[in-house]
Amino acid sequence: MKRLPAFCVALLVSTLAIAGGAPQAVPAPNNADIGYKTVAQALASLRQDKDASFSVVRGWTIVTDETHLTVWSFAPKTDPSFPAVVKRMVTSTGTGSKVTMSVLCEAKKAACAGLVREFSNRGTGTPGGNH
């Protein structure tokens with residue numbers, strides 16, 4: 001199963017680089033798949049997770065959890081969508097794998113829609129800050 005961790009690393013690399021990708025279905029903000037009621041709860045819980053590693057890229061807090069093949073992107077305070085988090089997870093399809101995206105955004109509806117659009121238009125990239 002050496003491919004799964006390598007795939008997660010590839011997902012992280014694509015998160016750090018703003019790489020164009022095929023548009024994906026746009027999830028609605030405040031998606032229940034995120035697993036937390038608030039952005040603050042998600043961040044606090046991940047800070048307690050020994051498997052999570054943290055970095056900051058262009059102000060965004062990026063949390064990588066290779067054990068669960070998940071990358072979390074937390075919006076900085078300077079972003080219109082703050083507070084918000086985008087969760088991308090690699091899941092098995094039986095014949096391969098896919099990346100699913102969930103969003104929890106507590107900002108105004110327009111800012112949240114911009115966040116979802118930005119992530120969807122860039123595939124798995126981290127927004128550059130312009131919505």
# chains A, B, ... in the order shown; residues from 1 in each chain; ligands from 1

$ select_by_dssp --residues "region 25-125 of chain A" --states "alpha helix (DSSP H)" --output "PyMOL selection string"
chain A and resi 39-48+109-121

$ atom_distance --atom1 "CA of Tyr36 (chain A)" --atom2 "CA of Thr95 (chain A)"
29.7 Å

$ select_by_dssp --residues "region 15-124 of chain A" --states "strand (DSSP E)" --output "PDB file with C-alpha atoms, in the first residue's frame"
ATOM      1  CA  ALA A  52      -1.720  15.904  11.747  1.00  0.00           C
ATOM      2  CA  SER A  53       1.083  18.096  10.435  1.00  0.00           C
ATOM      3  CA  PHE A  54       0.688  21.865  10.094  1.00  0.00           C
ATOM      4  CA  SER A  55       2.089  24.417   7.676  1.00  0.00           C
ATOM      5  CA  VAL A  56       1.162  27.910   6.512  1.00  0.00           C
ATOM      6  CA  VAL A  57       1.027  28.744   2.805  1.00  0.00           C
ATOM      7  CA  TRP A  60      -3.667  29.585   4.815  1.00  0.00           C
ATOM      8  CA  THR A  61      -3.215  26.999   7.567  1.00  0.00           C
ATOM      9  CA  ILE A  62      -2.757  23.650   5.845  1.00  0.00           C
ATOM     10  CA  VAL A  63      -3.223  20.498   7.908  1.00  0.00           C
ATOM     11  CA  THR A  64      -2.165  17.189   6.422  1.00  0.00           C
ATOM     12  CA  ASP A  65      -3.317  13.919   7.935  1.00  0.00           C
ATOM     13  CA  THR A  70      -6.916  14.145   4.251  1.00  0.00           C
ATOM     14  CA  VAL A  71      -5.786  17.736   3.671  1.00  0.00           C
ATOM     15  CA  TRP A  72      -7.538  20.612   5.469  1.00  0.00           C
ATOM     16  CA  SER A  73      -7.185  24.253   4.309  1.00  0.00           C
ATOM     17  CA  PHE A  74      -8.172  26.920   6.859  1.00  0.00           C
ATOM     18  CA  ALA A  84     -13.799  28.712   6.704  1.00  0.00           C
ATOM     19  CA  VAL A  85     -12.199  25.333   6.108  1.00  0.00           C
ATOM     20  CA  VAL A  86     -11.994  23.122   3.041  1.00  0.00           C
ATOM     21  CA  LYS A  87     -11.467  19.408   3.632  1.00  0.00           C
ATOM     22  CA  ARG A  88     -10.158  17.199   0.809  1.00  0.00           C
ATOM     23  CA  MET A  89      -9.966  13.470   1.314  1.00  0.00           C
ATOM     24  CA  VAL A  90      -8.697  10.633  -0.838  1.00  0.00           C
ATOM     25  CA  THR A  91     -11.192   7.765  -0.901  1.00  0.00           C
ATOM     26  CA  SER A  92     -11.086   4.390  -2.593  1.00  0.00           C
ATOM     27  CA  SER A  97      -9.266   6.525  -5.831  1.00  0.00           C
ATOM     28  CA  LYS A  98     -10.895   9.942  -5.935  1.00  0.00           C
ATOM     29  CA  VAL A  99     -10.590  13.226  -4.059  1.00  0.00           C
ATOM     30  CA  THR A 100     -13.737  14.466  -2.339  1.00  0.00           C
ATOM     31  CA  MET A 101     -14.147  18.025  -1.097  1.00  0.00           C
ATOM     32  CA  SER A 102     -16.256  19.341   1.803  1.00  0.00           C
ATOM     33  CA  VAL A 103     -16.565  22.949   2.956  1.00  0.00           C
ATOM     34  CA  LEU A 104     -17.544  24.602   6.215  1.00  0.00           C
ATOM     35  CA  CYS A 105     -17.828  28.367   5.847  1.00  0.00           C
TER      36      CYS A 105
END

$ closest_residue --among "A:Pro80, A:Gly35, A:Gly94, A:Gly59" --to "Ala113 (chain A)" --atoms "only C-alpha atoms"
A:Pro80

$ atom_distance --atom1 "CA of Lys109 (chain A)" --atom2 "CA of Lys37 (chain A)"
17.0 Å
